[in-house]
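Step one of this worksheet: look at the structure below.
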Amino acid sequence: MPARSAMPGWKITSTEALIAITHAMEQEAVRRYQDLAQRMHDQGETSLAATFTLLAAMEERHVEQVETRALELTGNPPDHAFSSWELPDNFDTDAARSAALSPYRALAIAVRNEERAFAFFSYLAAEAPNDTLRVLAETFAKEELDHAARLRHERRRAWRQEQAGAAPRSTLARPGSIDELLAQAVPMERAAAVAHRALAAATRLGDQAKTAALFEQAAADEEALAAELAGRLEAPAALPQAELHAHSVFEGLGLLEDAFDRYADAADHATDETMLLEAQRLAAHALRRLATVHGALPRQS
């Protein structure tokens with residue numbers, strides 16, 4: 001099915017319909033990962049086959065979770081008769097067929113799939129006709145957010161295995177308090193905004209107006225978040241202004257991913273609940289920004 005660069009104009013009108021499409025999406029993910037696992041096995045790529053088998057098993061657990069929720073909410077299993085729509089194409093098929101696949105890249109595909117699903121359910125929540133469906137859609141969106149966070153953890157581990165001995169992308173020490181987290185986030189968000197505005201200007205000159213608008217939106221969001229966080233600091237951030245660059249759409253997305261990774265890592269290592277909640281809030285904000293940009297990028301980007 002062709003990839004969509006924007007959310008469809010769907011209207012979910014019942015709990016049964018929302019559960020049905022969620023169940024179908026999870027089942028489709030299982031099928032895709034199982035097919036890829038078999039293909040990798042047939043090609044002798046045992047490590048990749050194992051990675052995709054693991055991803056299929058994770059998605060099967062998600063299917064079971066949806067089935068359990070269906071019984072709790074409606075008293076019946078998911079009924080696909082309630083859903084007559086074509087499923088959103090969240091799966092990055094082209095990347096999955098790449099000859100450059102590795103366990104890290106396979107997990108990166110899975111992360112993008114979860115991000116797109118998060119954006120999809122966020123859209124459904126925003127368009128829901130009543131509070132009951134809005135809350136349920138938001139619940140599914142949060143679950144996709146949690147799935148993405150877990151997959152990113154696995155992706156970081158795969159990256160370390162593939163890049164053993166390589167220098168980390170960030171030399172900043174892991175923050176040990178909210179003040180340290182904010183002090184690091186402010187200059188990094190500002191620097192990312194500068195880089196994304198420069199990328200927007202370059203892509204606009206290259207006749208990619210839609211892509212330029214997306215990175216302008218990302219820059220505005222980064223500036224707004226930096227201003228909010230700076231206002232909460234008792235003193236100006238002691239760290240010097242960071243300098244970041246994005247010379248391509250891929251690098252622009254990389255900066256968005258780095259922000260999520262930084263906040264997710266801070267949450268993973270938080271030593272108190274206040275720090276954990278703040279890091280999780282920033283991680284959710286960063287992932288929402290990434291999902292919005294990535295989900296709406298034209299396929300050629």
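Numbering starts fresh at 1 for the residues of each chain in the structure tokens, the chains themselves are lettered A, B, ... in the order given, and ligands are numbered from 1 as they appear.
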Please produce, as a tab-separated table, a per-residue contact table for segment 253-301 of chain A versus segment 148-158 of chain A (criterion: any atom at most 10 Å away, only C-alpha atoms considered), showing the nearest atom pair and its distance in Å to one decimal, sorted by chain then residue number.
residue	atom	partner	partner_atom	distance
A:Glu257	CA	A:Arg152	CA	9.7
A:Phe260	CA	A:Ala149	CA	8.9
A:Asp261	CA	A:Arg152	CA	7.5
A:Ala264	CA	A:Ala149	CA	7.2
A:Asp265	CA	A:His153	CA	8.3
A:Asp268	CA	A:His153	CA	9.0
A:Gln280	CA	A:Ala149	CA	10.0
A:Ala283	CA	A:Ala149	CA	8.8
A:Ala284	CA	A:Ala149	CA	9.3
A:Leu287	CA	A:Ala148	CA	8.8
Could you save those same residues with N, CA and C atoms as a PDB file, in the first residue's frame?
ATOM      1  N   GLU A 257      16.029  12.789  16.904  1.00  0.00           N
ATOM      2  CA  GLU A 257      16.198  11.517  17.600  1.00  0.00           C
ATOM      3  C   GLU A 257      17.150  11.665  18.784  1.00  0.00           C
ATOM      4  N   PHE A 260      15.390  12.919  21.875  1.00  0.00           N
ATOM      5  CA  PHE A 260      14.645  11.870  22.579  1.00  0.00           C
ATOM      6  C   PHE A 260      15.601  10.943  23.317  1.00  0.00           C
ATOM      7  N   ASP A 261      16.677  10.520  22.655  1.00  0.00           N
ATOM      8  CA  ASP A 261      17.620   9.599  23.283  1.00  0.00           C
ATOM      9  C   ASP A 261      18.211  10.196  24.555  1.00  0.00           C
ATOM     10  N   ALA A 264      15.414  10.210  27.195  1.00  0.00           N
ATOM     11  CA  ALA A 264      15.073   8.836  27.580  1.00  0.00           C
ATOM     12  C   ALA A 264      16.176   8.237  28.447  1.00  0.00           C
ATOM     13  N   ASP A 265      17.429   8.535  28.100  1.00  0.00           N
ATOM     14  CA  ASP A 265      18.538   8.033  28.898  1.00  0.00           C
ATOM     15  C   ASP A 265      18.509   8.630  30.308  1.00  0.00           C
ATOM     16  N   ASP A 268      15.889   6.793  32.164  1.00  0.00           N
ATOM     17  CA  ASP A 268      16.320   5.431  32.505  1.00  0.00           C
ATOM     18  C   ASP A 268      17.209   5.409  33.741  1.00  0.00           C
ATOM     19  N   GLN A 280      10.827  12.029  31.636  1.00  0.00           N
ATOM     20  CA  GLN A 280       9.811  11.376  30.814  1.00  0.00           C
ATOM     21  C   GLN A 280       8.968  12.401  30.057  1.00  0.00           C
ATOM     22  N   ALA A 283      11.042  13.568  27.218  1.00  0.00           N
ATOM     23  CA  ALA A 283      11.159  12.511  26.217  1.00  0.00           C
ATOM     24  C   ALA A 283       9.882  12.405  25.386  1.00  0.00           C
ATOM     25  N   ALA A 284       8.736  12.485  26.051  1.00  0.00           N
ATOM     26  CA  ALA A 284       7.461  12.429  25.332  1.00  0.00           C
ATOM     27  C   ALA A 284       7.318  13.618  24.392  1.00  0.00           C
ATOM     28  N   LEU A 287       9.614  12.990  21.391  1.00  0.00           N
ATOM     29  CA  LEU A 287       9.109  11.958  20.494  1.00  0.00           C
ATOM     30  C   LEU A 287       7.898  12.453  19.717  1.00  0.00           C
TER      31      LEU A 287
END
Can you pull out the residues contacting Glu223 of chain A? Cut-off 8 Å, using only C-alpha atoms, and skip same-chain residues under 5 positions away; I want them as a tab-separated table (two decimals) with N, CA and C atoms, in the first residue's frame.
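That gives us out_3.tsv:
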chain	number	residue	atom	x	y	z
A	189	GLU	N	18.50	22.51	22.96
A	189	GLU	CA	17.27	22.80	22.22
A	189	GLU	C	17.46	24.05	21.35
A	190	ARG	N	18.13	25.05	21.89
A	190	ARG	CA	18.39	26.26	21.11
A	190	ARG	C	19.27	25.96	19.90
A	193	ALA	N	17.36	24.17	17.26
A	193	ALA	CA	16.48	25.10	16.54
A	193	ALA	C	17.24	25.86	15.47
Minimum-distance residue to Ala198 of chain A, chosen among A:Ala218, A:Val66, A:Leu276, A:Ala128 (using only C-alpha atoms):
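Smallest separation from Ala198 of chain A among the options: A:Ala218.
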Contacts of Ala49 of chain A within 8 Å, only C-alpha atoms, excl. fewer than 2 positions in-chain, as a VMD selection string
chain A and resid 36 to 41 45 to 47 51 to 53
Which of A:Thr15, A:Ala183, A:Ala267, A:Thr139 sits closest to Gly75 of chain A [using only C-alpha atoms]:
A:Thr15
Mind checking which residues fall within 12 Å of Glu138 of chain A, counting only C-alpha atoms, ignoring those fewer than 6 positions away in the same chain, and posting them as number ranges by chain?
A: 18, 117-128, 131-132, 144-145
Rounded to one decimal place, report the atom CA of Ala57 of chain A-atom CA of Arg69 of chain A distance in Å.
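That distance, rounded to one decimal, is 18.7 Å.
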With only C-alpha atoms as the atoms that count, which of A:Leu54, A:Ile178, A:Val63, A:Val194 lies nearest to Thr274 of chain A?
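Among A:Leu54, A:Ile178, A:Val63, A:Val194, it is A:Ile178 that comes nearest to Thr274 of chain A.
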Run DSSP on the backbone of this structure and report the residues of segment 19-234 of chain A it assigns to alpha helix (DSSP H), as JSON, numbers by chain.
{"A": [19, 20, 21, 22, 23, 24, 25, 26, 27, 28, 29, 30, 31, 32, 33, 34, 35, 36, 37, 38, 39, 40, 41, 42, 46, 47, 48, 49, 50, 51, 52, 53, 54, 55, 56, 57, 58, 59, 60, 61, 62, 63, 64, 65, 66, 67, 68, 69, 70, 71, 72, 73, 74, 93, 94, 95, 96, 103, 104, 105, 106, 107, 108, 109, 110, 111, 112, 113, 114, 115, 116, 117, 118, 119, 120, 121, 122, 123, 124, 125, 126, 127, 131, 132, 133, 134, 135, 136, 137, 138, 139, 140, 141, 142, 143, 144, 145, 146, 147, 148, 149, 150, 151, 152, 153, 154, 155, 156, 157, 158, 159, 160, 161, 162, 178, 179, 180, 181, 182, 183, 184, 185, 186, 187, 188, 189, 190, 191, 192, 193, 194, 195, 196, 197, 198, 199, 200, 201, 202, 203, 204, 205, 209, 210, 211, 212, 213, 214, 215, 216, 217, 218, 219, 220, 221, 222, 223, 224, 225, 226, 227, 228, 229, 230, 231, 232]}
Go ahead and compute the interatomic distance for atom CA of Thr292 of chain A and atom CA of Ala20 of chain A, in Å to one decimal.
24.0 Å
Counting only C-alpha atoms, what is within 8 Å of segment 199-203 of chain A, bar same-chain residues fewer than 5 positions away, as a list in words?
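The residues satisfying every condition are Gln208, Ala209, Thr211, Ala212, Ala213, Leu214, Phe215, Glu216, Ala246, His247, Ser248, Val249 and Gly252 of chain A.
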Go ahead and save the residues from that selection, with C-alpha atoms, as a PDB file, in the first residue's frame.
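Result written to result.pdb:
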ATOM      1  CA  GLN A 208      11.084  21.335  -0.933  1.00  0.00           C
ATOM      2  CA  ALA A 209       8.594  23.688   0.649  1.00  0.00           C
ATOM      3  CA  THR A 211       9.970  19.629   4.133  1.00  0.00           C
ATOM      4  CA  ALA A 212      11.150  23.146   4.937  1.00  0.00           C
ATOM      5  CA  ALA A 213       7.887  23.912   6.740  1.00  0.00           C
ATOM      6  CA  LEU A 214       8.225  20.767   8.868  1.00  0.00           C
ATOM      7  CA  PHE A 215      11.707  21.696  10.064  1.00  0.00           C
ATOM      8  CA  GLU A 216      10.600  25.285  10.672  1.00  0.00           C
ATOM      9  CA  ALA A 246      22.064  19.412   9.930  1.00  0.00           C
ATOM     10  CA  HIS A 247      23.136  19.369   6.299  1.00  0.00           C
ATOM     11  CA  SER A 248      20.472  16.908   5.167  1.00  0.00           C
ATOM     12  CA  VAL A 249      16.991  15.728   6.082  1.00  0.00           C
ATOM     13  CA  GLY A 252      17.828  16.892  10.731  1.00  0.00           C
TER      14      GLY A 252
END
In Å, with one decimal, what is the gap from atom CA of Leu233 of chain A to atom CA of Gly254 of chain A?
27.1 Å
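The residue that comes closest to Glu243 of chain A, out of A:Arg134, A:His285, A:His196, A:His80 and on the basis of only C-alpha atoms, is A:His196.
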Which of A:Arg61, A:His269, A:His147, A:Arg288 sits closest to Ser177 of chain A [using only C-alpha atoms]:
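So, comparing all the options, the nearest one is A:His269.
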